[in-house]
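*Asks:* Next up, run17.txt (compact mmCIF, C-alpha atoms).
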```txt
# COMPACT_ATOMS: atom_id res chain seq x y z
CA MET I 45 -4.74 -3.62 0.57
CA THR I 46 -5.66 -1.10 3.19
CA ALA I 47 -8.26 1.37 2.00
CA ILE I 48 -7.52 5.01 2.89
CA SER I 49 -10.62 6.75 4.11
CA PRO I 50 -11.02 10.46 3.36
CA THR I 51 -11.85 10.97 7.04
CA GLN I 52 -8.81 9.10 8.28
CA ASP I 53 -6.14 10.96 10.21
CA PRO I 54 -3.52 11.99 7.68
CA THR I 55 -0.93 11.74 10.44
CA GLY I 56 -1.99 8.23 11.30
CA ASP I 57 0.26 6.35 8.92
CA ASP I 58 0.72 3.74 11.64
CA VAL I 59 -2.36 2.03 10.22
CA THR I 60 -0.54 1.39 6.95
CA VAL I 61 1.32 -1.88 6.57
CA VAL I 62 4.82 -1.32 5.23
CA PRO I 63 6.23 -4.23 3.18
CA GLY I 64 9.15 -5.91 4.97
CA GLU I 65 8.57 -4.06 8.23
CA SER I 66 8.88 -6.15 11.39
CA PRO I 67 6.50 -5.72 14.38
CA SER I 68 9.28 -4.07 16.40
CA GLU I 69 9.97 -1.60 13.58
CA ALA I 70 6.26 -0.80 13.30
CA LEU I 71 6.12 -0.23 17.06
CA THR I 72 9.12 2.10 16.91
CA ARG I 73 7.55 4.06 14.03
CA ARG I 74 4.29 4.51 15.91
CA ARG I 75 6.06 5.73 19.03
CA LEU I 76 8.15 8.19 17.03
CA ARG I 77 5.00 9.56 15.41
CA ARG I 78 3.27 9.91 18.79
CA ARG I 79 6.32 11.67 20.23
CA GLN I 80 6.35 14.02 17.26
CA LEU I 81 2.69 14.91 17.77
CA LEU I 82 3.23 15.39 21.52
CA VAL I 83 6.19 17.69 20.82
CA PHE I 84 3.84 19.79 18.67
CA ALA I 85 1.25 19.75 21.45
CA ALA I 86 3.86 20.83 24.00
CA ALA I 87 5.00 23.68 21.72
CA PHE I 88 1.41 24.88 21.37
CA GLN I 89 0.96 24.83 25.15
CA VAL I 90 4.21 26.79 25.57
CA VAL I 91 2.71 29.45 23.30
CA ASN I 92 -0.44 29.56 25.44
CA ALA I 93 1.62 29.85 28.63
CA ALA I 94 3.73 32.66 27.12
CA LEU I 95 0.57 34.60 26.17
CA LEU I 96 -0.75 34.23 29.72
CA LEU I 97 2.54 35.56 31.09
CA ILE I 98 2.17 38.63 28.84
CA PHE I 99 -1.30 39.25 30.23
CA ALA I 100 0.04 38.67 33.75
CA ALA I 101 2.71 41.33 33.08
CA ALA I 102 -0.05 43.64 31.84
CA GLY I 103 -1.94 43.14 35.10
CA THR I 104 -4.90 41.40 33.44
CA ILE I 105 -4.50 38.19 35.48
CA PRO I 106 -2.42 37.13 38.48
CA VAL I 107 0.85 35.32 37.74
CA ALA I 108 -0.56 32.38 39.69
CA ILE I 109 -3.10 31.70 36.92
CA ALA I 110 -0.40 31.56 34.27
CA THR I 111 1.63 29.30 36.55
CA ALA I 112 -1.34 27.03 37.25
CA PHE I 113 -2.11 26.65 33.55
CA THR I 114 1.53 25.85 32.79
CA VAL I 115 1.55 23.18 35.49
CA GLY I 116 -1.71 21.73 34.16
CA ALA I 117 -0.36 21.66 30.58
CA VAL I 118 2.85 19.96 31.73
CA ILE I 119 0.82 17.30 33.56
CA VAL I 120 -1.38 16.65 30.48
CA VAL I 121 1.43 16.50 27.93
CA GLY I 122 3.74 14.62 30.31
CA GLY I 123 1.00 12.13 31.12
CA PHE I 124 0.37 11.37 27.47
CA TRP I 125 4.11 11.13 26.82
CA ALA I 126 4.34 8.52 29.57
CA LEU I 127 1.36 6.64 28.08
CA SER I 128 3.00 6.66 24.66
CA GLU I 129 5.94 4.69 26.08
CA ILE I 130 3.73 1.94 27.50
CA PRO I 131 3.53 -1.03 25.06
CA ALA I 132 -0.09 -1.77 26.01
CA THR I 133 -1.24 1.53 24.48
CA ASP I 134 -0.22 0.24 21.04
CA ARG I 135 -3.35 -1.90 21.17
CA TRP I 136 -5.58 1.14 21.66
CA ARG I 137 -7.84 2.03 18.79
CA ASP I 138 -6.71 5.68 19.03
CA ARG I 139 -2.99 4.92 18.64
CA THR I 140 -1.96 8.55 18.12
CA PHE I 141 -4.01 9.71 21.17
CA ALA I 142 -5.64 12.37 18.99
CA GLN I 143 -9.12 11.91 20.45
CA THR I 144 -8.15 11.35 24.08
CA TYR I 145 -5.66 14.22 24.07
CA ALA I 146 -8.27 16.53 22.50
CA ALA I 147 -10.82 15.62 25.19
CA THR I 148 -8.32 16.18 28.02
CA THR I 149 -7.08 19.48 26.60
CA PHE I 150 -10.66 20.63 26.02
CA ALA I 151 -11.42 20.06 29.72
CA LEU I 152 -8.24 21.94 30.73
CA LEU I 153 -9.00 24.95 28.52
CA LEU I 154 -12.65 25.11 29.49
CA GLY I 155 -11.70 24.98 33.16
CA PHE I 156 -9.40 27.99 32.77
CA VAL I 157 -12.05 29.89 30.82
CA ALA I 158 -14.10 29.63 34.01
CA ILE I 159 -11.14 30.52 36.22
CA ALA I 160 -9.88 33.46 34.16
CA PRO I 161 -12.65 34.77 31.86
CA GLN I 162 -10.78 38.05 31.45
CA VAL I 163 -8.26 36.24 29.21
CA ALA I 164 -10.78 33.79 27.72
CA VAL I 165 -9.57 34.89 24.29
CA VAL I 166 -6.40 32.80 24.84
CA PHE I 167 -8.27 29.65 25.83
CA LEU I 168 -11.07 30.02 23.27
CA SER I 169 -8.50 30.52 20.50
CA ALA I 170 -6.73 27.37 21.69
CA LEU I 171 -10.06 25.52 21.47
CA PHE I 172 -10.08 26.18 17.72
CA LEU I 173 -6.77 24.36 17.48
CA VAL I 174 -8.05 21.45 19.59
CA ALA I 175 -11.10 21.15 17.35
CA GLN I 176 -8.93 21.24 14.23
CA MET I 177 -6.57 18.55 15.51
CA ALA I 178 -9.43 16.33 16.70
CA GLY I 179 -11.31 16.84 13.46
CA MET I 180 -8.37 15.53 11.43
CA ARG I 181 -9.16 12.01 12.65
CA ALA I 182 -12.90 12.39 12.82
CA THR I 183 -15.67 10.57 11.03
CA PRO I 184 -18.62 12.83 10.14
CA ARG I 185 -20.46 11.65 13.27
CA TYR I 186 -17.47 12.21 15.53
CA GLY I 187 -16.77 15.61 13.97
CA PHE I 188 -20.36 16.66 14.65
CA ALA I 189 -19.98 15.45 18.23
CA ILE I 190 -16.80 17.57 18.67
CA TRP I 191 -18.64 20.66 17.48
CA ILE I 192 -21.59 20.02 19.80
CA VAL I 193 -19.46 19.29 22.88
CA ILE I 194 -17.22 22.36 22.51
CA THR I 195 -20.15 24.64 21.73
CA ALA I 196 -22.16 23.24 24.64
CA GLY I 197 -19.23 23.64 27.04
CA VAL I 198 -18.64 27.29 26.13
CA ALA I 199 -22.38 28.03 26.08
CA THR I 200 -22.77 26.51 29.53
CA LEU I 201 -20.17 28.85 30.99
CA TYR I 202 -21.58 31.82 29.10
CA TRP I 203 -25.29 31.34 29.85
CA LEU I 204 -25.46 29.25 33.03
CA GLY I 205 -22.20 30.39 34.63
CA GLY I 206 -22.93 34.01 33.92
CA LEU I 207 -19.37 34.64 32.80
CA SER I 208 -18.59 37.71 30.79
CA PHE I 209 -15.97 37.21 28.13
CA SER I 210 -14.03 40.24 26.99
CA VAL I 211 -11.06 41.04 24.79
CA PRO I 212 -8.26 42.63 26.84
CA LEU I 213 -7.55 46.06 25.34
CA GLY I 214 -7.09 48.22 28.45
CA ASN I 215 -3.45 49.12 27.98
CA PRO I 216 -0.77 48.79 25.28
CA LEU I 217 0.59 45.52 26.67
CA GLU I 218 -2.93 44.00 26.75
CA ARG I 219 -3.54 45.14 23.16
CA PHE I 220 -0.20 43.62 22.17
CA GLY I 221 -1.10 40.37 23.96
CA THR I 222 -4.50 40.20 22.26
CA LEU I 223 -3.03 40.91 18.81
CA LEU I 224 -0.32 38.30 19.42
CA THR I 225 -2.96 35.79 20.50
CA PHE I 226 -4.84 36.13 17.22
CA SER I 227 -1.61 36.16 15.17
CA LEU I 228 -0.19 33.04 16.84
CA THR I 229 -3.54 31.27 16.60
CA LEU I 230 -3.66 31.88 12.86
CA GLY I 231 -0.04 30.76 12.57
CA ARG I 232 -0.72 27.53 14.42
CA ILE I 233 -3.81 26.85 12.31
CA VAL I 234 -1.73 27.29 9.14
CA PHE I 235 1.01 25.06 10.61
CA ILE I 236 -1.50 22.29 11.37
CA GLY I 237 -2.80 22.51 7.82
CA VAL I 238 0.70 22.38 6.30
CA PHE I 239 1.68 19.50 8.59
CA ALA I 240 -1.46 17.54 7.75
CA SER I 241 -0.92 18.19 4.05
CA SER I 242 2.68 16.96 4.17
CA MET I 243 1.62 13.85 6.06
CA GLN I 244 -1.16 13.25 3.54
CA ASP I 245 1.39 13.53 0.72
CA ALA I 246 3.66 11.07 2.52
CA LEU I 247 0.74 8.71 3.02
CA SER I 248 -0.19 8.98 -0.65
CA ARG I 249 3.38 8.18 -1.66
CA ARG I 250 3.40 5.21 0.69
CA ARG I 251 0.10 4.03 -0.77
CA VAL I 252 1.60 4.17 -4.27
CA GLU I 253 4.63 2.23 -3.01
CA LEU I 254 2.31 -0.34 -1.44
CA GLU I 255 0.28 -0.72 -4.61
CA THR I 256 3.50 -1.16 -6.60
CA ALA I 257 4.79 -3.71 -4.09
CA TYR I 258 1.53 -5.68 -4.07
CA LYS I 259 1.40 -5.61 -7.86
CA ARG I 260 4.94 -6.94 -7.97
CA ILE I 261 4.04 -9.66 -5.47
CA GLU I 262 1.06 -10.66 -7.60
CA GLU I 263 3.24 -10.76 -10.70
CA LEU I 264 5.86 -12.87 -8.95
CA SER I 265 3.19 -15.25 -7.71
CA GLU I 266 2.11 -15.86 -11.33
CA LEU I 267 5.47 -15.91 -13.12
CA ASP I 268 8.22 -18.45 -13.37
CA GLU I 269 11.28 -16.73 -11.93
CA LEU I 270 13.76 -18.13 -14.43
CA THR I 271 11.94 -17.73 -17.74
CA GLY I 272 9.46 -14.93 -17.06
CA SER I 273 6.65 -17.09 -18.43
CA TYR I 274 3.60 -18.01 -16.36
CA ASN I 275 4.21 -20.69 -13.76
CA ARG I 276 2.37 -24.02 -13.81
CA ARG I 277 -0.37 -22.99 -11.41
CA CYS I 278 -1.13 -19.83 -13.38
CA ILE I 279 -1.01 -21.38 -16.86
CA MET I 280 -3.28 -24.22 -15.72
CA ARG I 281 -5.76 -21.70 -14.38
CA MET I 282 -5.64 -19.85 -17.69
CA LEU I 283 -6.21 -23.10 -19.56
CA GLY I 284 -9.27 -23.74 -17.42
CA ASP I 285 -10.59 -20.23 -18.11
CA GLU I 286 -10.03 -20.58 -21.86
CA THR I 287 -11.73 -23.98 -21.83
CA ILE I 288 -14.84 -22.49 -20.25
CA ARG I 289 -14.83 -19.57 -22.69
CA ALA I 290 -14.35 -21.81 -25.72
CA HIS I 291 -17.22 -24.07 -24.69
CA ARG I 292 -19.45 -21.07 -24.04
CA THR I 293 -18.68 -19.27 -27.30
CA LYS I 294 -18.20 -22.40 -29.43
CA SER I 295 -14.86 -20.99 -30.58
CA PRO I 296 -11.79 -23.13 -31.36
CA CYS I 297 -9.02 -23.38 -28.80
CA SER I 298 -5.75 -25.21 -29.36
CA ILE I 299 -2.86 -25.99 -27.08
CA ALA I 300 0.70 -27.18 -27.54
CA LEU I 301 2.96 -28.98 -25.11
CA ILE I 302 6.52 -28.00 -26.04
CA ASP I 303 9.65 -29.81 -24.94
CA LEU I 304 13.27 -28.76 -25.44
CA ASP I 305 15.00 -31.73 -27.06
CA TRP I 306 17.79 -33.44 -25.12
CA PHE I 307 17.76 -30.74 -22.48
CA LYS I 308 19.33 -32.98 -19.83
CA ARG I 309 22.20 -33.57 -22.22
CA ILE I 310 22.61 -29.79 -22.60
CA ASN I 311 22.83 -29.38 -18.83
CA ASP I 312 25.30 -32.27 -18.50
CA THR I 313 27.50 -31.15 -21.39
CA TYR I 314 27.47 -27.37 -21.12
CA GLY I 315 26.49 -26.85 -17.49
CA HIS I 316 23.35 -25.66 -15.71
CA PRO I 317 24.08 -21.92 -16.19
CA THR I 318 24.05 -22.50 -19.94
CA GLY I 319 20.89 -24.56 -19.57
CA ASP I 320 19.25 -21.65 -17.74
CA GLU I 321 20.25 -19.27 -20.54
CA VAL I 322 18.77 -21.68 -23.09
CA LEU I 323 15.45 -21.70 -21.20
CA ARG I 324 15.41 -17.92 -20.96
CA THR I 325 16.29 -17.39 -24.62
CA PHE I 326 13.73 -19.95 -25.73
CA SER I 327 11.04 -18.17 -23.72
CA ILE I 328 11.99 -14.79 -25.20
CA ALA I 329 11.79 -16.26 -28.69
CA VAL I 330 8.34 -17.67 -27.99
CA PHE I 331 7.04 -14.38 -26.57
CA ALA I 332 8.35 -12.56 -29.66
CA ASN I 333 6.41 -14.86 -31.99
CA ILE I 334 2.99 -15.33 -30.36
CA ARG I 335 -0.05 -13.09 -30.17
CA ALA I 336 -1.06 -10.97 -27.19
CA ILE I 337 -4.05 -13.24 -26.53
CA ASP I 338 -1.89 -16.39 -26.41
CA LYS I 339 -0.84 -17.76 -23.02
CA PHE I 340 2.60 -19.22 -22.48
CA GLY I 341 3.77 -20.91 -19.30
CA ARG I 342 6.31 -23.31 -17.88
CA TYR I 343 4.59 -26.64 -17.41
CA GLY I 344 7.53 -28.26 -15.65
CA GLY I 345 11.30 -28.53 -16.14
CA GLU I 346 11.97 -28.04 -19.84
CA GLU I 347 8.29 -28.52 -20.81
CA PHE I 348 6.10 -25.54 -21.65
CA LEU I 349 2.42 -25.12 -22.34
CA LEU I 350 1.15 -22.75 -25.03
CA VAL I 351 -2.57 -21.94 -25.02
CA LEU I 352 -3.91 -20.58 -28.32
CA PRO I 353 -7.43 -19.12 -28.00
CA ASP I 354 -9.56 -18.74 -31.15
CA THR I 355 -7.09 -20.88 -33.08
CA PRO I 356 -8.20 -23.83 -35.23
CA HIS I 357 -6.02 -26.92 -35.40
CA ASP I 358 -4.34 -26.35 -38.76
CA MET I 359 -3.39 -22.79 -37.84
CA ALA I 360 -1.96 -24.00 -34.52
CA VAL I 361 0.18 -26.59 -36.29
CA VAL I 362 1.52 -23.97 -38.73
CA LEU I 363 2.32 -21.60 -35.84
CA LEU I 364 4.19 -24.31 -33.90
CA ASP I 365 6.11 -25.46 -36.95
CA ARG I 366 7.21 -21.89 -37.65
CA LEU I 367 8.25 -21.56 -34.02
CA ARG I 368 10.18 -24.85 -34.28
CA ALA I 369 12.08 -23.55 -37.31
CA ILE I 370 12.90 -20.26 -35.55
CA ILE I 371 14.33 -22.05 -32.50
CA ALA I 372 16.39 -24.39 -34.66
CA THR I 373 17.97 -21.55 -36.64
CA LEU I 374 18.96 -19.36 -33.67
CA ASP I 375 22.70 -18.94 -33.10
CA TRP I 376 23.00 -20.93 -29.87
CA SER I 377 26.78 -21.09 -30.20
CA ALA I 378 26.86 -17.63 -28.57
CA PHE I 379 26.30 -19.43 -25.28
CA SER I 380 28.68 -22.29 -25.92
CA GLU I 381 30.57 -23.54 -28.96
CA GLY I 382 28.75 -26.35 -30.72
CA LEU I 383 25.45 -25.85 -28.85
CA ILE I 384 22.34 -26.74 -30.86
CA VAL I 385 18.80 -26.42 -29.49
CA THR I 386 15.62 -27.80 -31.04
CA ILE I 387 12.10 -28.37 -29.79
CA SER I 388 9.35 -30.92 -30.17
CA ALA I 389 5.67 -30.20 -29.61
CA GLY I 390 2.35 -31.94 -29.45
CA VAL I 391 -0.64 -29.94 -30.68
CA ALA I 392 -4.26 -30.66 -29.70
CA THR I 393 -7.46 -28.76 -30.38
CA MET I 394 -10.36 -28.79 -27.95
CA GLU I 395 -13.32 -30.98 -28.75
CA PRO I 396 -16.90 -30.29 -27.64
CA ASP I 397 -17.30 -30.66 -23.87
CA GLU I 398 -13.68 -31.79 -23.50
CA SER I 399 -12.05 -31.16 -20.12
CA PRO I 400 -8.65 -29.45 -19.73
CA ASP I 401 -7.15 -32.70 -18.41
CA ALA I 402 -8.35 -34.67 -21.41
CA LEU I 403 -7.05 -32.02 -23.78
CA LEU I 404 -3.66 -32.03 -22.05
CA ALA I 405 -3.54 -35.83 -22.22
CA ARG I 406 -4.00 -35.74 -25.99
CA ALA I 407 -1.34 -33.03 -26.39
CA ASP I 408 1.03 -35.06 -24.23
CA ALA I 409 0.46 -38.15 -26.38
CA ALA I 410 1.22 -36.08 -29.48
CA LEU I 411 4.39 -34.76 -27.86
CA TYR I 412 5.48 -38.33 -27.08
CA ALA I 413 4.89 -39.22 -30.73
CA ALA I 414 7.06 -36.26 -31.85
CA LYS I 415 9.88 -37.44 -29.61
CA ALA I 416 9.51 -41.03 -30.82
CA GLY I 417 9.65 -39.75 -34.41
CA GLY I 418 13.14 -38.35 -33.93
CA ARG I 419 12.47 -34.98 -32.20
CA ASN I 420 12.59 -31.50 -33.77
CA LEU I 421 9.05 -32.32 -34.91
CA ILE I 422 5.50 -31.08 -34.42
CA ALA I 423 2.89 -33.82 -33.96
CA SER I 424 -0.89 -33.51 -33.91
CA ALA I 425 -3.44 -35.22 -31.73
```
Just dump the structure as structure tokens.

*Replies:*
Amino acid sequence: MTAISPTQDPTGDDVTVVPGESPSEALTRRRLRRRQLLVFAAAFQVVNAALLLIFAAAGTIPVAIATAFTVGAVIVVGGFWALSEIPATDRWRDRTFAQTYAATTFALLLGFVAIAPQVAVVFLSALFLVAQMAGMRATPRYGFAIWIVITAGVATLYWLGGLSFSVPLGNPLERFGTLLTFSLTLGRIVFIGVFASSMQDALSRRRVELETAYKRIEELSELDELTGSYNRRCIMRMLGDETIRAHRTKSPCSIALIDLDWFKRINDTYGHPTGDEVLRTFSIAVFANIRAIDKFGRYGGEEFLLVLPDTPHDMAVVLLDRLRAIIATLDWSAFSEGLIVTISAGVATMEPDESPDALLARADAALYAAKAGGRNLIASA
């Protein structure tokens, strides 16, 4: 499963594998997410352009500066929109363009700080938003680098360029523009936080869905679909594990190979759907009458393997005989009139240094003896 880093972009859910999603669907989802982010970026740049037009109306800057910035913002956002539609960009490490867009926008804003320092408050406020967006995807090292680069860029203009930054307050319209700049900057910061939080919640929900899906896949890979018992591969692995544990702890471990008597005849006489119901009901009855530590699995066809940890031989025989009696007394006629189901089983208890295969061979021989003895019997090895 994909680990979710605390420094990972909460909007970058394109890194998460969605069960059942095809490559084309994943590609479409990534492009939609990039378009959504670019729409937000465009809206933010529209706000910046509108603020510049207010200051142009106030006489703080020429209209040409506001126009030039708008053209530059259109080129940046439009360029990234065009890149987002190119399939090759889906192989980029920065699939949401968060880092590359932040770097490009930083250069644009810093350039206009130099061009129009009298309204630097607009561009410097926008730099806070760029830093916040870039920091959402940042590792600690990259976040530190963002801070250093932005600080160094502004400091270079301030100290080496000799620029004088001021807050426009010369007339009512300038004061309105300055107040609106701070208000809209705070609003956009809050919006970014709310957006990131909602995306993080969505990512958390998707992670829970993924964990549930993977858990279900693991369960299905271990269970027999028809009976709900462990499948052969899983029950054999469990037998191997219990063998190792029993040898290590010197504790008794018994097994039983169980066979439904005349099961082929049941299928032929009553039909396979009835045979399936018999297998399911038998499995339910077994689960209801064994301990939590016992392991029960379908060994093949109508044969089942029951692993009984910490169970001496005589106790295992008693347990299987009680189970045999329970199966024989169930009202099987509910499935089909005249239906009778019984079981036979071979019980074997592990000997010192005995392998799982040898133990199974002895249980199988005991099962064969139970069948030869007339069935509906429990035989011991």

*Asks:* Please measure the separation of CA of Lys259 in chain I and CA of Met243 in chain I, giving the value in Å to one decimal.

*Replies:*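 Those two atoms sit 23.9 Å apart.
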
*Asks:* Quick check, in Å to one decimal: how far apart do CA of Leu207 in chain I and CA of Val157 in chain I lie?

*Replies:* 8.9 Å

*Asks:* Between I:Val198, I:Leu301, I:Leu228, I:Ala108, which one has atoms that come closest to Val90 in chain I, using only C-alpha atoms?

*Replies:*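 Checking each candidate against Val90 in chain I, we get I:Leu228 as the closest.
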
*Asks:* Take every atom of range 285-290 of chain I listed in the file, pad by 6 Å on each side, and give me the axis-aligned box centre and edge lengths in Å, one decimal, as JSON.

*Replies:*
```
{"center_x": -12.4, "center_y": -21.8, "center_z": -21.9, "size_x": 16.8, "size_y": 16.4, "size_z": 19.6}
```

*Asks:* Suppose you want the space between CA of Ser327 in chain I and CA of Thr271 in chain I; what is it in Å?

*Replies:*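 Interatomic distance, CA of Ser327 in chain I to CA of Thr271 in chain I: 6.1 Å.
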
*Asks:* Could you list, as a list in words, every residue within 8 Å of Phe141 in chain I, counting all atoms listed in the file and ignoring same-chain residues fewer than 3 positions away?

*Replies:*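 Non-adjacent residues within range: Arg78, Phe124, Asp138, Thr144 and Tyr145 of chain I.
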
*Asks:* From the options I:Ala369, I:Val174, I:Leu404, I:Ala164, which residue's atoms come nearest to Val351 in chain I, counting all atoms listed in the file?

*Replies:*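 Closest to Val351 in chain I of all the choices is I:Leu404.
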
*Asks:* So which residues touch Phe379 in chain I within 12 Å, counting all atoms listed in the file, skipping near sequence neighbours fewer than 2 positions away, as an MDAnalysis selection string?

*Replies:* chainID I and resid 310 314:325 374:377 381:385

*Asks:* Can you find the residues with an atom no farther than 8 Å from (-12.7, 35.8, 26.8), counting all atoms listed in the file, and report them as a list in words?

*Replies:* Val157, Pro161, Gln162, Val163, Ala164, Val165, Val166, Phe167, Leu168, Ser208, Phe209, Ser210 and Val211 of chain I

*Asks:* Can you tell me which residues surround Leu152 in chain I at a distance of at most 8 Å, considering only C-alpha atoms, apart from same-chain residues fewer than 3 positions away, and format the answer as a ChimeraX atom specification?

*Replies:* /I:116-117,148-149,155-156

*Asks:* Which one is closest to Asp354 in chain I: I:Ala290, I:Ala389, I:Ala402, I:Ala378? Count all atoms listed in the file.

*Replies:* I:Ala290
